file my_file_30.txt (compact mmCIF, C-alpha atoms)
# COMPACT_ATOMS: atom_id res chain seq x y z
CA MET A 1 0.00 0.00 0.00
CA THR A 2 2.75 2.42 0.92
CA THR A 3 4.78 1.46 -2.10
CA SER A 4 1.81 1.99 -4.46
CA ALA A 5 1.09 5.38 -2.92
CA ALA A 6 4.71 6.40 -3.27
CA VAL A 7 4.77 5.42 -6.91
CA PHE A 8 1.51 7.32 -7.51
CA GLU A 9 2.89 10.45 -5.83
CA GLU A 10 6.00 10.19 -7.97
CA ILE A 11 3.97 9.95 -11.18
CA TYR A 12 1.21 12.41 -10.33
CA ASP A 13 2.35 15.90 -9.35
CA ARG A 14 -0.90 17.37 -8.02
CA SER A 15 0.49 20.85 -7.46
CA LYS A 16 1.64 21.05 -11.08
CA GLU A 17 -1.70 19.78 -12.40
CA VAL A 18 -3.62 22.30 -10.28
CA LYS A 19 -1.37 25.15 -11.43
CA ASP A 20 -1.70 24.13 -15.10
CA PHE A 21 -5.48 24.01 -14.71
CA ASP A 22 -5.57 27.45 -13.09
CA ASP A 23 -3.22 28.95 -15.67
CA SER A 24 -5.43 27.69 -18.51
CA LYS A 25 -8.27 29.98 -17.29
CA LEU A 26 -10.74 27.54 -18.82
CA GLY A 27 -12.66 26.52 -15.72
CA VAL A 28 -14.27 23.10 -15.41
CA LYS A 29 -16.59 23.65 -18.39
CA GLY A 30 -13.69 24.79 -20.54
CA LEU A 31 -11.79 21.66 -19.58
CA LEU A 32 -14.78 19.54 -20.55
CA ASP A 33 -15.15 21.42 -23.85
CA SER A 34 -11.46 20.87 -24.56
CA ASP A 35 -11.81 17.12 -24.00
CA HIS A 36 -14.90 17.09 -26.21
CA ARG A 37 -13.02 18.84 -29.04
CA THR A 38 -10.14 16.36 -28.76
CA PHE A 39 -12.66 13.54 -29.14
CA ILE A 40 -14.17 15.20 -32.23
CA VAL A 41 -10.72 15.82 -33.77
CA ASP A 42 -9.82 12.16 -33.24
CA GLN A 43 -13.09 10.94 -34.78
CA ILE A 44 -12.85 13.17 -37.84
CA ASN A 45 -9.17 12.37 -38.30
CA GLU A 46 -9.90 8.63 -38.21
CA ALA A 47 -12.80 8.96 -40.67
CA SER A 48 -10.77 11.17 -43.02
CA CYS A 49 -7.87 8.71 -43.06
CA THR A 50 -9.91 5.53 -43.55
CA TRP A 51 -13.24 6.41 -45.18
CA GLY A 52 -12.83 9.91 -46.60
CA PHE A 53 -16.47 10.52 -45.57
CA PHE A 54 -18.29 11.36 -42.35
CA GLN A 55 -21.56 12.95 -41.24
CA VAL A 56 -21.91 15.81 -38.75
CA ILE A 57 -24.82 16.84 -36.52
CA ASN A 58 -25.07 19.73 -34.05
CA HIS A 59 -23.30 21.79 -36.71
CA LYS A 60 -25.17 25.06 -35.97
CA VAL A 61 -26.66 25.32 -39.45
CA PRO A 62 -30.38 25.87 -38.67
CA LEU A 63 -32.67 23.06 -39.80
CA ASP A 64 -35.05 25.53 -41.46
CA VAL A 65 -32.14 26.82 -43.60
CA LEU A 66 -31.42 23.25 -44.72
CA ASN A 67 -35.05 22.46 -45.46
CA ARG A 68 -35.68 25.67 -47.37
CA ALA A 69 -32.61 25.06 -49.54
CA LEU A 70 -33.86 21.60 -50.51
CA LEU A 71 -37.39 22.87 -51.17
CA SER A 72 -36.09 25.72 -53.33
CA ILE A 73 -34.17 23.33 -55.60
CA LYS A 74 -37.26 21.16 -55.88
CA ALA A 75 -39.45 24.16 -56.68
CA PHE A 76 -37.02 25.46 -59.31
CA ASN A 77 -36.95 22.16 -61.15
CA GLU A 78 -40.71 21.71 -61.01
CA GLN A 79 -41.47 24.98 -62.76
CA SER A 80 -42.77 24.83 -66.32
CA ASN A 81 -40.29 23.98 -69.05
CA GLU A 82 -40.88 27.45 -70.50
CA VAL A 83 -39.61 29.09 -67.30
CA LYS A 84 -36.69 26.72 -66.70
CA SER A 85 -35.44 26.86 -70.26
CA GLN A 86 -34.59 30.55 -69.78
CA TYR A 87 -31.80 29.45 -67.43
CA TYR A 88 -30.65 26.35 -69.31
CA CYS A 89 -27.05 26.92 -70.38
CA ARG A 90 -23.61 25.35 -70.18
CA GLU A 91 -21.51 28.50 -70.48
CA ASN A 92 -20.33 29.83 -67.14
CA ASP A 93 -20.32 33.51 -68.15
CA ARG A 94 -22.82 34.43 -65.42
CA GLY A 95 -21.07 32.30 -62.79
CA MET A 96 -24.12 30.03 -63.00
CA THR A 97 -25.32 27.13 -65.16
CA PHE A 98 -28.39 24.94 -65.32
CA ALA A 99 -28.13 21.76 -67.37
CA SER A 100 -28.28 17.99 -67.44
CA ASN A 101 -24.76 16.60 -66.91
CA PHE A 102 -22.02 19.25 -67.04
CA ASP A 103 -19.85 16.70 -68.88
CA LEU A 104 -22.55 15.54 -71.32
CA PHE A 105 -20.32 15.94 -74.37
CA GLN A 106 -17.21 14.34 -72.83
CA SER A 107 -18.81 11.43 -70.99
CA LYS A 108 -19.61 8.03 -72.52
CA ALA A 109 -22.85 7.84 -70.49
CA ALA A 110 -25.24 10.42 -69.06
CA SER A 111 -26.46 10.58 -65.46
CA TRP A 112 -30.17 10.77 -64.58
CA ARG A 113 -30.26 14.24 -63.02
CA ASP A 114 -30.49 18.00 -63.65
CA THR A 115 -28.20 20.44 -61.87
CA LEU A 116 -28.21 24.14 -61.03
CA GLN A 117 -24.60 25.24 -60.36
CA MET A 118 -23.05 28.52 -59.31
CA GLY A 119 -19.77 29.91 -58.04
CA MET A 120 -20.77 31.50 -54.74
CA ASP A 121 -17.83 33.92 -54.79
CA ARG A 122 -18.45 35.17 -58.33
CA THR A 123 -22.16 34.85 -59.17
CA ASP A 124 -24.26 37.99 -59.56
CA PHE A 125 -26.89 37.64 -56.82
CA ASP A 126 -29.55 39.40 -58.90
CA LYS A 127 -29.13 37.00 -61.82
CA VAL A 128 -29.84 33.91 -59.73
CA PRO A 129 -33.43 32.63 -60.14
CA GLU A 130 -35.54 34.30 -57.46
CA ILE A 131 -37.11 31.00 -56.44
CA VAL A 132 -33.76 29.79 -55.04
CA ARG A 133 -31.86 33.05 -54.54
CA SER A 134 -32.14 33.84 -50.82
CA GLU A 135 -32.31 30.17 -49.79
CA LEU A 136 -29.04 29.13 -51.44
CA PHE A 137 -27.05 32.22 -50.47
CA GLU A 138 -28.19 31.85 -46.85
CA LEU A 139 -27.22 28.18 -46.86
CA ASP A 140 -23.82 29.08 -48.29
CA GLN A 141 -23.06 31.61 -45.54
CA HIS A 142 -23.88 29.11 -42.80
CA VAL A 143 -21.92 26.35 -44.51
CA LYS A 144 -18.92 28.65 -44.97
CA ARG A 145 -18.72 29.10 -41.19
CA LEU A 146 -19.04 25.36 -40.69
CA GLY A 147 -16.35 24.78 -43.31
CA GLU A 148 -13.90 27.06 -41.53
CA THR A 149 -14.46 25.13 -38.29
CA LEU A 150 -13.89 21.87 -40.15
CA MET A 151 -10.66 23.27 -41.57
CA GLU A 152 -9.36 23.90 -38.06
CA ILE A 153 -10.27 20.38 -36.97
CA LEU A 154 -8.75 18.78 -40.07
CA CYS A 155 -5.55 20.79 -39.55
CA GLU A 156 -5.35 19.65 -35.93
CA GLY A 157 -5.68 16.07 -37.16
CA LEU A 158 -2.76 16.64 -39.55
CA GLY A 159 -0.67 18.18 -36.78
CA VAL A 160 -0.31 21.56 -38.50
CA ASP A 161 -1.39 25.03 -37.38
CA GLU A 162 -5.18 25.12 -37.13
CA ASP A 163 -5.36 28.19 -39.39
CA ARG A 164 -3.20 26.65 -42.13
CA LEU A 165 -6.02 25.94 -44.60
CA LYS A 166 -7.90 29.13 -43.74
CA ASN A 167 -4.75 31.19 -44.38
CA MET A 168 -4.53 29.54 -47.81
CA ALA A 169 -8.03 30.97 -48.50
CA CYS A 170 -9.53 27.47 -48.78
CA SER A 171 -12.99 28.74 -47.90
CA GLU A 172 -13.05 31.60 -50.40
CA ARG A 173 -13.78 29.80 -53.68
CA ARG A 174 -16.99 27.84 -53.09
CA HIS A 175 -19.02 26.15 -55.79
CA LEU A 176 -22.64 25.10 -55.16
CA ALA A 177 -24.47 22.37 -57.05
CA GLY A 178 -28.17 21.74 -56.48
CA HIS A 179 -29.10 18.33 -57.89
CA TYR A 180 -32.57 17.13 -58.86
CA TYR A 181 -32.90 13.37 -59.44
CA PRO A 182 -36.37 12.60 -60.84
CA TYR A 183 -37.95 9.17 -60.65
CA CYS A 184 -36.25 6.80 -63.11
CA PRO A 185 -38.51 4.09 -64.56
CA GLU A 186 -35.53 1.85 -65.34
CA ALA A 187 -33.21 2.65 -62.44
CA ASN A 188 -31.18 -0.52 -62.92
CA ARG A 189 -30.06 0.63 -66.36
CA THR A 190 -28.46 3.97 -65.45
CA VAL A 191 -27.05 5.98 -62.54
CA GLY A 192 -27.89 9.22 -60.78
CA THR A 193 -24.26 10.37 -60.70
CA LYS A 194 -21.36 8.37 -62.09
CA CYS A 195 -18.50 7.13 -59.93
CA HIS A 196 -15.99 9.93 -59.22
CA THR A 197 -13.89 11.72 -56.62
CA ASP A 198 -14.41 15.41 -55.85
CA PRO A 199 -11.93 17.98 -57.25
CA SER A 200 -12.09 20.04 -54.04
CA VAL A 201 -10.45 20.57 -50.68
CA PHE A 202 -13.59 19.07 -49.19
CA THR A 203 -17.31 19.01 -49.91
CA VAL A 204 -20.29 19.68 -47.64
CA LEU A 205 -23.39 17.83 -48.85
CA LEU A 206 -27.00 18.24 -47.82
CA GLN A 207 -29.08 15.25 -48.89
CA ASP A 208 -32.78 14.63 -48.41
CA HIS A 209 -34.47 11.57 -46.86
CA ILE A 210 -34.46 9.42 -50.00
CA GLY A 211 -30.77 8.54 -50.05
CA GLY A 212 -28.89 6.94 -52.93
CA LEU A 213 -25.36 8.17 -52.17
CA GLN A 214 -22.80 5.37 -52.00
CA VAL A 215 -19.13 5.40 -50.98
CA LYS A 216 -16.53 2.90 -52.12
CA HIS A 217 -14.74 1.34 -49.15
CA GLY A 218 -12.21 -1.26 -50.21
CA GLU A 219 -13.99 -3.28 -52.88
CA HIS A 220 -17.49 -2.62 -51.57
CA TRP A 221 -20.10 0.09 -52.14
CA VAL A 222 -21.57 1.36 -48.86
CA ASP A 223 -24.81 3.34 -48.55
CA VAL A 224 -24.54 6.74 -46.84
CA LYS A 225 -27.86 6.60 -45.03
CA PRO A 226 -29.55 9.98 -44.55
CA LEU A 227 -29.65 11.24 -40.96
CA ASP A 228 -32.21 13.89 -40.09
CA GLY A 229 -30.50 17.27 -39.92
CA ALA A 230 -27.04 15.87 -40.72
CA LEU A 231 -24.54 17.13 -43.29
CA VAL A 232 -22.22 14.78 -45.17
CA ILE A 233 -18.55 15.80 -45.43
CA ASN A 234 -16.09 14.22 -47.82
CA ILE A 235 -12.41 14.80 -48.44
CA GLY A 236 -11.55 16.04 -51.94
CA ASP A 237 -8.58 15.41 -54.22
CA ILE A 238 -6.88 18.69 -53.32
CA LEU A 239 -6.83 17.89 -49.59
CA GLN A 240 -5.52 14.38 -50.27
CA ILE A 241 -2.63 16.06 -52.10
CA MET A 242 -2.13 18.70 -49.40
CA SER A 243 -2.14 16.03 -46.69
CA ASN A 244 0.36 14.00 -48.72
CA ASP A 245 -1.99 11.00 -48.76
CA LYS A 246 -2.94 11.01 -45.07
CA TYR A 247 -6.53 12.04 -45.83
CA ARG A 248 -8.36 10.09 -48.50
CA SER A 249 -10.49 11.33 -51.38
CA VAL A 250 -12.57 8.27 -52.19
CA GLU A 251 -14.80 7.25 -55.05
CA HIS A 252 -18.52 7.77 -54.61
CA ARG A 253 -21.65 7.68 -56.75
CA VAL A 254 -25.41 8.15 -56.63
CA VAL A 255 -27.71 5.36 -57.78
CA ALA A 256 -30.63 6.26 -60.05
CA ASN A 257 -33.79 7.20 -58.18
CA SER A 258 -36.35 4.37 -58.14
CA VAL A 259 -38.68 6.19 -55.71
CA HIS A 260 -41.79 7.90 -57.08
CA GLU A 261 -40.70 11.29 -55.78
CA PRO A 262 -37.63 13.36 -56.66
CA ARG A 263 -34.38 13.09 -54.74
CA ILE A 264 -32.82 16.48 -53.92
CA SER A 265 -29.31 17.32 -52.73
CA VAL A 266 -27.15 20.43 -52.44
CA ALA A 267 -23.35 20.20 -52.45
CA ILE A 268 -20.96 23.03 -51.61
CA PHE A 269 -17.38 22.43 -52.76
CA PHE A 270 -14.58 24.29 -50.93
CA ASN A 271 -11.54 25.29 -52.99
CA PRO A 272 -8.56 27.64 -52.58
CA GLY A 273 -9.21 31.20 -53.70
CA ASN A 274 -6.06 31.85 -55.73
CA LEU A 275 -5.97 30.34 -59.22
CA GLU A 276 -2.35 31.18 -59.94
CA ILE A 277 -0.18 30.24 -56.96
CA MET A 278 1.28 26.75 -56.54
CA TYR A 279 -0.34 24.13 -54.33
CA GLY A 280 0.93 20.73 -53.26
CA PRO A 281 1.75 18.68 -50.13
CA LEU A 282 2.09 20.94 -47.09
CA PRO A 283 5.84 21.37 -46.38
CA GLU A 284 5.24 20.62 -42.66
CA LEU A 285 4.22 17.09 -43.62
CA ILE A 286 7.36 16.42 -45.67
CA THR A 287 10.35 15.10 -43.72
CA PRO A 288 12.77 13.35 -46.15
CA PRO A 289 13.91 10.65 -46.22
CA GLN A 290 11.26 9.28 -43.84
CA LYS A 291 8.35 11.00 -45.63
CA SER A 292 8.85 12.36 -49.13
CA ALA A 293 6.33 14.29 -51.20
CA ILE A 294 4.04 11.99 -53.18
CA TYR A 295 2.57 14.71 -55.40
CA LYS A 296 3.99 17.53 -57.48
CA GLN A 297 3.01 21.19 -57.26
CA PHE A 298 0.16 22.55 -59.39
CA THR A 299 -1.95 25.65 -59.95
CA LEU A 300 -5.67 25.55 -59.26
CA GLU A 301 -6.30 26.81 -62.80
CA ASP A 302 -4.48 23.78 -64.23
CA PHE A 303 -6.30 21.45 -61.83
CA ILE A 304 -9.75 22.76 -62.81
CA MET A 305 -8.92 22.69 -66.53
CA LYS A 306 -7.84 19.02 -66.39
CA PHE A 307 -10.93 18.04 -64.38
CA ARG A 308 -13.34 19.74 -66.79
CA ALA A 309 -11.61 18.11 -69.74
CA LYS A 310 -12.07 14.60 -68.37
CA GLY A 311 -15.48 15.00 -66.67
CA LEU A 312 -16.88 12.27 -64.40
CA ASP A 313 -15.08 9.38 -66.06
CA GLY A 314 -14.55 7.29 -62.93
CA LYS A 315 -10.86 8.22 -62.80
CA SER A 316 -9.34 10.33 -60.03
CA SER A 317 -7.68 13.67 -60.84
CA LEU A 318 -4.80 12.56 -58.62
CA VAL A 319 -3.19 10.52 -61.39
CA ASN A 320 -2.12 13.78 -63.07
CA TYR A 321 -0.04 14.89 -60.10
CA PHE A 322 1.92 11.87 -58.86
CA LEU A 323 5.66 12.41 -58.69
CA LEU A 324 7.56 9.84 -60.75

call {"tool": "encode", "arguments": {"input": "my_file_30.txt", "output": "structure tokens"}}
result
Amino acid sequence: MTTSAAVFEEIYDRSKEVKDFDDSKLGVKGLLDSDHRTFIVDQINEASCTWGFFQVINHKVPLDVLNRALLSIKAFNEQSNEVKSQYYCRENDRGMTFASNFDLFQSKAASWRDTLQMGMDRTDFDKVPEIVRSELFELDQHVKRLGETLMEILCEGLGVDEDRLKNMACSERRHLAGHYYPYCPEANRTVGTKCHTDPSVFTVLLQDHIGGLQVKHGEHWVDVKPLDGALVINIGDILQIMSNDKYRSVEHRVVANSVHEPRISVAIFFNPGNLEIMYGPLPELITPPQKSAIYKQFTLEDFIMKFRAKGLDGKSSLVNYFLL
């Protein structure tokens, strides 16, 4: 008993622990919050390394904002063809497009969906269809704040400064895609969205109750089951490069909708804001010879150009950037 107590006293310096606690100025609640954040960082880090996907709840994006965004995309697509056709275009001169399959002319097969897309940092607010205008811009502002919090957590998981991605303006260039998947009478003969990885830092996805999103894990396709009020987060190709392969950008797809009601989703893709500077593995994560860079440097402009040229062909953009 005496020996055990002596060993305990040697290991545990109570006076130091008490002083450290007092110096932190966190209080008991702050200490609890700190432990809770560590738990969240660990969970997200594990999911980002192994699955490349996770879902978040209690994210502070109001449920009514989420619901109104989904309803607005539904309402836009269910207008008369005469109204919708005014917006149908593939040219991005307004920062906005509405079309079936952005890669229709490059792809060998089409997907069973229509999509309204816009660059949230460069689209003229007044030119966005009024039926979705306020709903999508409000969603974007909430999701931007969430995205910046996620950046801090992802940086902590990598062991780099928590503001590293934010300082690289990784929340400034956001692209929104509102997808409408109508009922497909022969759902086994096509897909909703072809297999692909996202050309982003990461993506925040709002999906409705119908589901259909699948993630490839190993050799198996796994359903991402909708959770009420949850947002789906997935790592993109750019963050896999920046993390030097620690975080994984994985293949995913959407099956064609066999339900007699439309499936709606809204994705917001986070990308760096500067098209011209060089990006690549974060230098802090490169420690030769133990850990060498796996990818070469690139500009965002080059990255986007190569992705648009290939479309959703089932091949990752990463193959263009491996170091030989």

call {"tool": "residues_around", "arguments": {"input": "my_file_30.txt", "residues": "Glu162 in chain A", "least_positions_apart": "4", "cutoff": "12 Å", "atoms": "only C-alpha atoms", "output": "PyMOL selection string"}}
result
chain A and resi 41+148-158+166-168

call {"tool": "atom_distance", "arguments": {"input": "my_file_30.txt", "atom1": "CA of Leu213 in chain A", "atom2": "CA of Met96 in chain A"}}
result
24.4 Å

call {"tool": "residues_near_point", "arguments": {"input": "my_file_30.txt", "point": "(8.2, 11.5, -50.7)", "cutoff": "12 Å", "atoms": "all atoms listed in the file", "output": "list in words"}}
result
Ile241, Ser243, Asn244, Asp245, Pro281, Leu282, Pro283, Leu285, Ile286, Thr287, Pro288, Pro289, Gln290, Lys291, Ser292, Ala293, Ile294, Tyr295, Lys296, Phe322, Leu323 and Leu324 of chain A

call {"tool": "residues_around", "arguments": {"input": "my_file_30.txt", "residues": "range 108-124 of chain A", "least_positions_apart": "4", "cutoff": "7 Å", "atoms": "all atoms listed in the file", "output": "tab-separated table (two decimals) with C-alpha atoms, keeping the file's coordinate frame"}}
result
chain	number	residue	atom	x	y	z
A	94	ARG	CA	-22.82	34.43	-65.42
A	95	GLY	CA	-21.07	32.30	-62.79
A	96	MET	CA	-24.12	30.03	-63.00
A	97	THR	CA	-25.32	27.13	-65.16
A	98	PHE	CA	-28.39	24.94	-65.32
A	99	ALA	CA	-28.13	21.76	-67.37
A	100	SER	CA	-28.28	17.99	-67.44
A	101	ASN	CA	-24.76	16.60	-66.91
A	104	LEU	CA	-22.55	15.54	-71.32
A	128	VAL	CA	-29.84	33.91	-59.73
A	172	GLU	CA	-13.05	31.60	-50.40
A	173	ARG	CA	-13.78	29.80	-53.68
A	174	ARG	CA	-16.99	27.84	-53.09
A	175	HIS	CA	-19.02	26.15	-55.79
A	176	LEU	CA	-22.64	25.10	-55.16
A	177	ALA	CA	-24.47	22.37	-57.05
A	178	GLY	CA	-28.17	21.74	-56.48
A	179	HIS	CA	-29.10	18.33	-57.89
A	180	TYR	CA	-32.57	17.13	-58.86
A	181	TYR	CA	-32.90	13.37	-59.44
A	182	PRO	CA	-36.37	12.60	-60.84
A	190	THR	CA	-28.46	3.97	-65.45
A	191	VAL	CA	-27.05	5.98	-62.54
A	192	GLY	CA	-27.89	9.22	-60.78
A	193	THR	CA	-24.26	10.37	-60.70
A	194	LYS	CA	-21.36	8.37	-62.09
A	256	ALA	CA	-30.63	6.26	-60.05

call {"tool": "atom_distance", "arguments": {"input": "my_file_30.txt", "atom1": "CA of His260 in chain A", "atom2": "CA of Ser80 in chain A"}}
result
19.3 Å

call {"tool": "atom_distance", "arguments": {"input": "my_file_30.txt", "atom1": "CA of Asn45 in chain A", "atom2": "CA of Phe307 in chain A"}}
result
26.7 Å

call {"tool": "build_atoms", "arguments": {"input": "my_file_30.txt", "residues": "range 194-213 of chain A", "atoms": "N, CA and C atoms", "output": "mmCIF file, in the frame of the given file"}}
result
data_model
loop_
_atom_site.group_PDB
_atom_site.id
_atom_site.type_symbol
_atom_site.label_atom_id
_atom_site.label_comp_id
_atom_site.auth_asym_id
_atom_site.auth_seq_id
_atom_site.Cartn_x
_atom_site.Cartn_y
_atom_site.Cartn_z
ATOM 1 N N LYS A 194 -22.387 9.383 -61.842
ATOM 2 C CA LYS A 194 -21.360 8.370 -62.090
ATOM 3 C C LYS A 194 -20.293 8.390 -60.993
ATOM 4 N N CYS A 195 -19.591 7.280 -60.884
ATOM 5 C CA CYS A 195 -18.500 7.130 -59.930
ATOM 6 C C CYS A 195 -17.432 8.208 -60.167
ATOM 7 N N HIS A 196 -16.987 8.862 -59.080
ATOM 8 C CA HIS A 196 -15.990 9.930 -59.220
ATOM 9 C C HIS A 196 -15.413 10.263 -57.844
ATOM 10 N N THR A 197 -14.373 11.054 -57.835
ATOM 11 C CA THR A 197 -13.890 11.720 -56.620
ATOM 12 C C THR A 197 -14.080 13.213 -56.832
ATOM 13 N N ASP A 198 -14.142 13.976 -55.732
ATOM 14 C CA ASP A 198 -14.410 15.410 -55.850
ATOM 15 C C ASP A 198 -13.129 16.210 -56.049
ATOM 16 N N PRO A 199 -13.107 17.136 -57.017
ATOM 17 C CA PRO A 199 -11.930 17.980 -57.250
ATOM 18 C C PRO A 199 -11.963 19.201 -56.329
ATOM 19 N N SER A 200 -11.924 18.966 -55.020
ATOM 20 C CA SER A 200 -12.090 20.040 -54.040
ATOM 21 C C SER A 200 -11.148 19.811 -52.877
ATOM 22 N N VAL A 201 -11.114 20.801 -51.965
ATOM 23 C CA VAL A 201 -10.450 20.570 -50.680
ATOM 24 C C VAL A 201 -11.328 19.614 -49.874
ATOM 25 N N PHE A 202 -12.577 19.988 -49.697
ATOM 26 C CA PHE A 202 -13.590 19.070 -49.190
ATOM 27 C C PHE A 202 -14.956 19.558 -49.643
ATOM 28 N N THR A 203 -15.953 18.718 -49.469
ATOM 29 C CA THR A 203 -17.310 19.010 -49.910
ATOM 30 C C THR A 203 -18.267 18.855 -48.740
ATOM 31 N N VAL A 204 -19.213 19.774 -48.628
ATOM 32 C CA VAL A 204 -20.290 19.680 -47.640
ATOM 33 C C VAL A 204 -21.565 19.389 -48.419
ATOM 34 N N LEU A 205 -22.210 18.273 -48.107
ATOM 35 C CA LEU A 205 -23.390 17.830 -48.850
ATOM 36 C C LEU A 205 -24.619 17.757 -47.955
ATOM 37 N N LEU A 206 -25.679 18.369 -48.434
ATOM 38 C CA LEU A 206 -27.000 18.240 -47.820
ATOM 39 C C LEU A 206 -27.824 17.315 -48.688
ATOM 40 N N GLN A 207 -28.239 16.168 -48.128
ATOM 41 C CA GLN A 207 -29.080 15.250 -48.890
ATOM 42 C C GLN A 207 -30.432 15.093 -48.199
ATOM 43 N N ASP A 208 -31.453 14.792 -48.991
ATOM 44 C CA ASP A 208 -32.780 14.630 -48.410
ATOM 45 C C ASP A 208 -32.951 13.212 -47.861
ATOM 46 N N HIS A 209 -34.188 12.834 -47.554
ATOM 47 C CA HIS A 209 -34.470 11.570 -46.860
ATOM 48 C C HIS A 209 -34.424 10.356 -47.773
ATOM 49 N N ILE A 210 -34.355 10.554 -49.084
ATOM 50 C CA ILE A 210 -34.460 9.420 -50.000
ATOM 51 C C ILE A 210 -33.178 8.601 -50.072
ATOM 52 N N GLY A 211 -32.037 9.262 -49.993
ATOM 53 C CA GLY A 211 -30.770 8.540 -50.050
ATOM 54 C C GLY A 211 -30.371 8.215 -51.473
ATOM 55 N N GLY A 212 -29.408 7.304 -51.609
ATOM 56 C CA GLY A 212 -28.890 6.940 -52.930
ATOM 57 C C GLY A 212 -27.399 7.146 -53.058
ATOM 58 N N LEU A 213 -26.812 7.949 -52.148
ATOM 59 C CA LEU A 213 -25.360 8.170 -52.170
ATOM 60 C C LEU A 213 -24.646 6.916 -51.663
#
